[in-house]
>>> print(open('run35.cif').read())   # mmCIF, C-alpha atoms
data_work
#
loop_
_atom_site.label_atom_id
_atom_site.label_comp_id
_atom_site.auth_asym_id
_atom_site.auth_seq_id
_atom_site.Cartn_x
_atom_site.Cartn_y
_atom_site.Cartn_z
CA MET M 659 78.40 12.72 102.55
CA ALA M 660 79.64 14.78 99.60
CA ASN M 661 82.85 13.84 97.86
CA LYS M 662 85.98 15.77 98.78
CA LYS M 663 86.74 18.56 96.32
CA ILE M 664 90.28 18.76 94.89
CA LEU M 665 91.60 21.62 92.81
CA VAL M 666 94.23 20.53 90.27
CA VAL M 667 96.41 23.32 88.85
CA GLU M 668 98.49 22.04 85.93
CA ASP M 669 99.42 23.64 82.58
CA ASP M 670 99.87 20.32 80.74
CA VAL M 671 96.30 19.80 79.52
CA MET M 672 96.69 16.07 78.84
CA LEU M 673 98.15 15.43 82.30
CA LEU M 674 95.46 17.63 83.84
CA GLU M 675 92.74 15.50 82.22
CA MET M 676 94.47 12.27 83.26
CA ILE M 677 94.67 13.42 86.91
CA LYS M 678 91.03 14.56 86.77
CA ILE M 679 89.97 11.08 85.57
CA GLN M 680 92.11 9.36 88.24
CA LEU M 681 90.62 11.55 90.98
CA GLY M 682 87.11 10.75 89.74
CA GLU M 683 87.88 7.03 89.86
CA MET M 684 89.12 7.50 93.45
CA GLY M 685 85.82 9.15 94.38
CA TYR M 686 86.93 12.79 94.46
CA ASP M 687 85.40 15.79 92.69
CA ALA M 688 88.10 17.50 90.62
CA ILE M 689 88.16 21.16 89.68
CA THR M 690 90.85 22.19 87.21
CA ALA M 691 92.89 25.25 86.30
CA GLU M 692 95.61 25.58 83.65
CA ASN M 693 97.75 28.27 85.29
CA GLY M 694 98.55 29.67 88.72
CA LYS M 695 96.45 32.82 88.34
CA ASP M 696 93.34 30.83 87.38
CA GLY M 697 94.20 28.30 90.11
CA LEU M 698 94.29 31.02 92.77
CA PHE M 699 90.97 32.43 91.54
CA LYS M 700 89.32 28.99 91.57
CA ALA M 701 90.76 28.20 95.02
CA ILE M 702 89.20 31.38 96.43
CA GLN M 703 85.91 30.74 94.60
CA GLU M 704 85.54 26.98 95.23
CA LYS M 705 87.30 26.54 98.61
CA PRO M 706 88.53 23.01 97.81
CA ASP M 707 89.42 20.42 100.45
CA LEU M 708 92.90 20.04 98.91
CA ILE M 709 94.93 21.73 96.17
CA MET M 710 97.34 19.95 93.84
CA ALA M 711 99.72 22.35 92.08
CA ASP M 712 102.43 22.13 89.47
CA ILE M 713 105.39 24.48 89.91
CA MET M 714 106.35 25.54 86.37
CA MET M 715 103.23 27.29 85.05
CA PRO M 716 102.41 30.49 83.16
CA GLU M 717 100.81 33.58 84.74
CA LEU M 718 101.82 32.65 88.30
CA ASN M 719 104.10 29.74 89.16
CA GLY M 720 103.06 27.16 91.74
CA ASN M 721 105.23 28.47 94.57
CA GLU M 722 103.93 32.04 94.07
CA MET M 723 100.36 30.70 94.04
CA ILE M 724 100.97 28.72 97.26
CA LYS M 725 102.33 31.83 99.03
CA LEU M 726 99.18 33.76 98.07
CA ILE M 727 96.95 30.87 99.18
CA ARG M 728 98.67 30.85 102.57
CA GLN M 729 97.91 34.59 102.91
CA ASN M 730 94.18 34.02 102.31
CA GLN M 731 92.29 33.52 105.58
CA ASP M 732 89.80 31.07 104.03
CA LEU M 733 92.52 28.94 102.40
CA ALA M 734 95.45 29.24 104.82
CA LYS M 735 94.89 25.75 106.28
CA THR M 736 93.95 24.01 103.00
CA PRO M 737 96.44 21.18 102.28
CA VAL M 738 98.57 21.84 99.18
CA VAL M 739 100.37 18.99 97.41
CA VAL M 740 102.95 19.97 94.81
CA VAL M 741 102.98 17.76 91.70
CA SER M 742 106.15 18.54 89.77
CA ALA M 743 108.78 17.11 87.45
CA LEU M 744 111.34 19.07 89.49
CA GLY M 745 112.72 16.54 91.94
CA ARG M 746 115.89 18.05 93.40
CA ASP M 747 116.02 18.60 97.16
CA GLN M 748 116.22 22.37 96.67
CA ASP M 749 113.03 22.29 94.53
CA VAL M 750 111.19 20.40 97.27
CA ASP M 751 112.58 22.74 99.96
CA THR M 752 111.51 25.85 98.01
CA SER M 753 107.94 24.54 97.72
CA MET M 754 107.79 23.53 101.37
CA GLN M 755 109.04 26.98 102.39
CA ALA M 756 106.33 28.53 100.18
CA GLY M 757 103.77 26.63 102.25
CA ALA M 758 103.24 23.27 100.54
CA ASN M 759 102.23 20.33 102.75
CA ASP M 760 103.67 17.61 100.53
CA TYR M 761 105.43 16.95 97.21
CA ILE M 762 105.07 14.22 94.60
CA ILE M 763 107.34 13.92 91.57
CA LYS M 764 105.95 13.35 88.06
CA PRO M 765 105.48 10.79 86.72
CA PHE M 766 103.80 9.07 89.68
CA PHE M 767 101.64 6.01 90.24
CA ALA M 768 97.94 6.50 90.97
CA ALA M 769 98.33 4.40 94.14
CA ASP M 770 101.03 6.78 95.45
CA LEU M 771 98.81 9.77 94.74
CA GLU M 772 95.83 8.14 96.45
CA LYS M 773 97.92 7.40 99.57
CA LEU M 774 99.09 11.01 99.67
CA LEU M 775 95.56 12.36 99.31
CA LYS M 776 94.20 10.13 102.06
CA LYS M 777 97.01 11.31 104.35
CA HIS M 778 95.94 14.95 103.92
CA LEU M 779 92.15 14.46 103.71
CA LYS M 780 91.51 12.72 107.03
#
>>> encode(input="run35.cif", output="structure tokens")
Amino acid sequence: MANKKILVVEDDVMLLEMIKIQLGEMGYDAITAENGKDGLFKAIQEKPDLIMADIMMPELNGNEMIKLIRQNQDLAKTPVVVVSALGRDQDVDTSMQAGANDYIIKPFFAADLEKLLKKHLK
């Protein structure tokens, strides 16, 4: 069986690479994008099993990208996990209202991320 494909949308290139390496070690195939516009394009093109998205990004922020993903018939049911340094309740609520399935605050432990991914990739 092929590995699950995860799209990671993050504008911090070093963090993006770190997450990509962690996902590879967990047995996932990671696709990356450095802004929301590119993330949306890659989501439509690649049809990943799960999308991880930062909120504060250039071109299109994470919440705007999630809203557009939810409007796309092919991606509407794809789990989206927000990965953000914004940790206030209102930040989480805004992302959940945009259509996110879950939220993890940076910095996070790899074990916490893995548990979250398994929850959404049953």
>>> atom_distance(input="run35.cif", atom1="atom CA of Asp770 of chain M", atom2="atom CA of Asp696 of chain M")
26.5 Å
>>> closest_residue(input="run35.cif", among="M:Lys705, M:Tyr686, M:Asp760, M:Glu722", to="Ala734 of chain M", atoms="all atoms listed in the file")
M:Lys705
>>> resolve_selection(input="run35.cif", expression="the PyMOL selection byres ((chain M and resi 712-719) around 6)", output="PyMOL selection string")
chain M and resi 668-669+693-695+711+720-722+740-742
>>> closest_residue(input="run35.cif", among="M:Lys663, M:Lys764, M:Lys777, M:Lys700", to="Asp687 of chain M", atoms="all atoms listed in the file")
M:Lys663
>>> closest_residue(input="run35.cif", among="M:Met684, M:Val671, M:Met754, M:Leu775", to="Ile724 of chain M", atoms="only C-alpha atoms")
M:Met754
>>> atom_distance(input="run35.cif", atom1="atom CA of Lys678 of chain M", atom2="atom CA of Ala758 of chain M")
20.4 Å
>>> atom_distance(input="run35.cif", atom1="atom CA of Lys780 of chain M", atom2="atom CA of Ala768 of chain M")
18.4 Å
>>> closest_residue(input="run35.cif", among="M:Pro737, M:Gly757, M:Gly745, M:Gly685", to="Leu708 of chain M", atoms="all atoms listed in the file")
M:Pro737
>>> residues_around(input="run35.cif", residues="Gln703 of chain M", least_positions_apart="4", cutoff="12 Å", atoms="all atoms listed in the file", output="number ranges by chain")
M: 665, 689, 696-699, 727, 730, 732-733
>>> residues_around(input="run35.cif", residues="Leu774 of chain M", least_positions_apart="5", cutoff="9 Å", atoms="all atoms listed in the file", output="number ranges by chain")
M: 739, 760, 762, 769, 779
>>> residues_around(input="run35.cif", residues="Leu674 of chain M", least_positions_apart="5", cutoff="9 Å", atoms="only C-alpha atoms", output="ChimeraX atom specification")
/M:666-669,679,690-692
>>> closest_residue(input="run35.cif", among="M:Met710, M:Asn661, M:Lys735, M:Asp670", to="Glu683 of chain M", atoms="all atoms listed in the file")
M:Asn661
>>> axis_aligned_box(input="run35.cif", around="segment 719-737 of chain M", padding_each_side="4 Å", output="AutoDock Vina command-line options")
--center_x 97.5 --center_y 27.9 --center_z 97.7 --size_x 23.4 --size_y 21.4 --size_z 25.1
